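Here's the structure, in structure tokens; my notes come after.
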Amino acid sequence: MIVAMNHFTITAEDRVRTLDYYCGLLGLVEGPRPDLGFPGAWLYAPGRIADGQALLHIYWDRPLPATRTGVIDHMAFSARDLQAVRARFDARGVRYDLRRQPGAGTWQLFSHDPNGARVELDFDASEAP
């Protein structure tokens with residue numbers, strides 16, 4: 001029945017800081033979003049807006065839940081150029097944890113967005129840290 005993940009939705013306290021993290025730091029692109037009757041943004045992978053598939057939905061008109069992660073532990077994105085991504089995080093002073101997945105050797109970079117959501121970026125095992 002299920003063929004793919006469609007999107008994640010997060011609530012945000014600070015629009016500017018949240019968009020800076022996902023667009024400015026991670027490189028997602030804000031794109032078309034229907035008028036849903038409340039403020040928010042849909043974020044897409046660069047060059048993929050025409051596909052019409054937003055990866056991340058954000059809204060900022062609702063209070064954050066007391067338990068920030070609920071039952072969802074984190075969201076993960078496939079990424080490229082581990083060295084450049086680490087340099088961006090280091091230049092901005094954004095804390096992260098870099099791990100090598102046992103077995104497959106995939107590089108996993110974990111960080112938290114400004115709202116407390118845990119974000120994982122996965123890099124091919126062949127990339128140099």
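Following the order of the structure tokens, first chain is A, next is B, and so on, with residues numbered from 1 inside each chain and ligands from 1 in the order they appear.
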Residue contacts of Tyr44 in chain A (8 Å, only C-alpha atoms) excluding same-chain residues fewer than 6 positions away, as an mmCIF file with N, CA, C and O atoms, in the first residue's frame:
data_model
loop_
_atom_site.group_PDB
_atom_site.id
_atom_site.type_symbol
_atom_site.label_atom_id
_atom_site.label_comp_id
_atom_site.auth_asym_id
_atom_site.auth_seq_id
_atom_site.Cartn_x
_atom_site.Cartn_y
_atom_site.Cartn_z
ATOM 1 N N LEU A 28 17.222 23.692 1.688
ATOM 2 C CA LEU A 28 15.898 23.500 1.113
ATOM 3 C C LEU A 28 15.410 24.830 0.552
ATOM 4 O O LEU A 28 15.936 25.890 0.889
ATOM 5 N N VAL A 29 14.391 24.791 -0.292
ATOM 6 C CA VAL A 29 13.896 25.976 -0.979
ATOM 7 C C VAL A 29 12.409 26.140 -0.688
ATOM 8 O O VAL A 29 11.636 25.186 -0.819
ATOM 9 N N GLU A 30 12.019 27.362 -0.290
ATOM 10 C CA GLU A 30 10.598 27.629 -0.075
ATOM 11 C C GLU A 30 9.909 27.709 -1.427
ATOM 12 O O GLU A 30 10.410 28.331 -2.359
ATOM 13 N N GLY A 31 8.759 27.045 -1.542
ATOM 14 C CA GLY A 31 8.063 27.009 -2.818
ATOM 15 C C GLY A 31 6.564 27.139 -2.652
ATOM 16 O O GLY A 31 6.071 27.533 -1.588
ATOM 17 N N GLN A 53 6.482 18.138 -5.093
ATOM 18 C CA GLN A 53 6.529 17.334 -3.880
ATOM 19 C C GLN A 53 7.352 18.043 -2.810
ATOM 20 O O GLN A 53 8.569 17.962 -2.784
ATOM 21 N N ALA A 54 6.669 18.747 -1.917
ATOM 22 C CA ALA A 54 7.350 19.389 -0.801
ATOM 23 C C ALA A 54 7.779 18.324 0.204
ATOM 24 O O ALA A 54 7.020 17.398 0.491
ATOM 25 N N LEU A 55 8.982 18.453 0.735
ATOM 26 C CA LEU A 55 9.486 17.503 1.723
ATOM 27 C C LEU A 55 9.064 17.861 3.138
ATOM 28 O O LEU A 55 8.899 16.988 3.981
ATOM 29 N N LEU A 56 8.929 19.170 3.380
ATOM 30 C CA LEU A 56 8.678 19.629 4.735
ATOM 31 C C LEU A 56 7.614 20.718 4.730
ATOM 32 O O LEU A 56 7.706 21.670 3.957
#
Write out as a PDB file with C-alpha atoms, in the first residue's frame the residues lying within 6 Å of range 108-125 of chain A, counting only C-alpha atoms and excluding same-chain residues fewer than 5 positions away.
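Output file result03.pdb follows:
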ATOM      1  CA  ALA A  12       7.659  26.525  14.619  1.00  0.00           C
ATOM      2  CA  THR A  18      13.264  28.111  11.309  1.00  0.00           C
ATOM      3  CA  HIS A  74      13.673  12.480  14.108  1.00  0.00           C
ATOM      4  CA  MET A  75      13.354  13.223  10.402  1.00  0.00           C
ATOM      5  CA  ALA A  76      16.084  12.146   7.972  1.00  0.00           C
ATOM      6  CA  PHE A  77      17.138  13.544   4.615  1.00  0.00           C
ATOM      7  CA  SER A  78      19.561  12.116   2.054  1.00  0.00           C
ATOM      8  CA  ALA A  79      22.380  14.592   1.488  1.00  0.00           C
ATOM      9  CA  ARG A  80      25.621  15.134  -0.428  1.00  0.00           C
ATOM     10  CA  TYR A  96      25.891  18.442  15.506  1.00  0.00           C
ATOM     11  CA  ASP A  97      26.814  14.829  16.122  1.00  0.00           C
ATOM     12  CA  LEU A  98      28.491  12.918  13.281  1.00  0.00           C
ATOM     13  CA  ARG A  99      28.249   9.137  13.389  1.00  0.00           C
TER      14      ARG A  99
END
>> To test your reading of the structure, identify every residue in chain A that backbone DSSP assigns to helix (DSSP H, G or I), and report it as a PyMOL selection string.
In response: chain A and resi 15-25+49-51+82-92
The selected residues should be written to file as a compact mmCIF listing (two decimals), in the first residue's frame (atoms: N, CA and C atoms).
# COMPACT_ATOMS: atom_id res chain seq x y z
N ARG A 15 9.55 31.99 12.84
CA ARG A 15 9.55 31.80 11.39
C ARG A 15 10.93 32.04 10.79
N VAL A 16 11.55 33.15 11.16
CA VAL A 16 12.83 33.54 10.57
C VAL A 16 13.93 32.52 10.89
N ARG A 17 14.06 32.16 12.17
CA ARG A 17 15.10 31.20 12.55
C ARG A 17 14.85 29.82 11.95
N THR A 18 13.59 29.42 11.87
CA THR A 18 13.26 28.11 11.31
C THR A 18 13.59 28.06 9.82
N LEU A 19 13.19 29.09 9.06
CA LEU A 19 13.51 29.11 7.64
C LEU A 19 15.02 29.24 7.40
N ASP A 20 15.71 29.98 8.28
CA ASP A 20 17.16 30.09 8.14
C ASP A 20 17.83 28.73 8.32
N TYR A 21 17.34 27.93 9.26
CA TYR A 21 17.91 26.60 9.48
C TYR A 21 17.67 25.71 8.26
N TYR A 22 16.42 25.59 7.84
CA TYR A 22 16.10 24.65 6.76
C TYR A 22 16.51 25.15 5.38
N CYS A 23 16.39 26.44 5.12
CA CYS A 23 16.75 26.99 3.81
C CYS A 23 18.20 27.48 3.79
N GLY A 24 18.55 28.33 4.76
CA GLY A 24 19.89 28.91 4.78
C GLY A 24 20.98 27.90 5.09
N LEU A 25 20.74 27.01 6.04
CA LEU A 25 21.75 26.03 6.45
C LEU A 25 21.66 24.73 5.67
N ILE A 49 11.16 21.87 -7.22
CA ILE A 49 9.85 22.52 -7.02
C ILE A 49 8.87 22.10 -8.10
N ALA A 50 9.35 21.97 -9.34
CA ALA A 50 8.47 21.59 -10.45
C ALA A 50 7.84 20.22 -10.23
N ASP A 51 8.49 19.36 -9.46
CA ASP A 51 7.94 18.03 -9.16
C ASP A 51 6.67 18.14 -8.32
N LEU A 82 29.48 15.97 2.40
CA LEU A 82 29.61 16.00 3.85
C LEU A 82 30.59 17.07 4.32
N GLN A 83 31.72 17.21 3.65
CA GLN A 83 32.70 18.20 4.08
C GLN A 83 32.14 19.62 4.00
N ALA A 84 31.43 19.94 2.93
CA ALA A 84 30.85 21.28 2.78
C ALA A 84 29.76 21.52 3.82
N VAL A 85 28.96 20.49 4.09
CA VAL A 85 27.89 20.63 5.08
C VAL A 85 28.49 20.85 6.46
N ARG A 86 29.50 20.09 6.82
CA ARG A 86 30.16 20.29 8.12
C ARG A 86 30.73 21.69 8.22
N ALA A 87 31.32 22.19 7.14
CA ALA A 87 31.89 23.54 7.14
C ALA A 87 30.80 24.59 7.37
N ARG A 88 29.63 24.39 6.77
CA ARG A 88 28.51 25.32 6.97
C ARG A 88 28.04 25.31 8.42
N PHE A 89 27.91 24.12 8.98
CA PHE A 89 27.48 24.01 10.38
C PHE A 89 28.52 24.66 11.29
N ASP A 90 29.80 24.37 11.05
CA ASP A 90 30.87 24.93 11.88
C ASP A 90 30.90 26.45 11.77
N ALA A 91 30.76 26.99 10.56
CA ALA A 91 30.80 28.44 10.36
C ALA A 91 29.67 29.15 11.10
N ARG A 92 28.53 28.50 11.23
CA ARG A 92 27.38 29.09 11.92
C ARG A 92 27.33 28.74 13.40
> Smallest atom-to-atom distance to His57 in chain A: which of A:Val94, A:Leu43, A:Ile72, A:Met5, using only C-alpha atoms?
Replying inline: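 Result for the nearest residue to His57 in chain A: A:Leu43.
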> Quick one: distance from CA of Trp42 in chain A to CA of Thr106 in chain A in Å, one decimal?
Replying inline: 27.8 Å
>> My list of candidates is A:Gly52, A:Ala41, A:Arg100, A:Arg62. Which is closest to Asn6 in chain A when distances are computed with only C-alpha atoms?
In response: A:Gly52
> Quick one: distance from CA of Arg48 in chain A to CA of Ala4 in chain A in Å, one decimal?
Replying inline: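 CA of Ala4 in chain A lies 16.2 Å from CA of Arg48 in chain A.
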> In Å, how far is it from CA of Ile10 in chain A to CA of Gly37 in chain A?
Replying inline: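 Here the two named atoms are 16.7 Å from each other.
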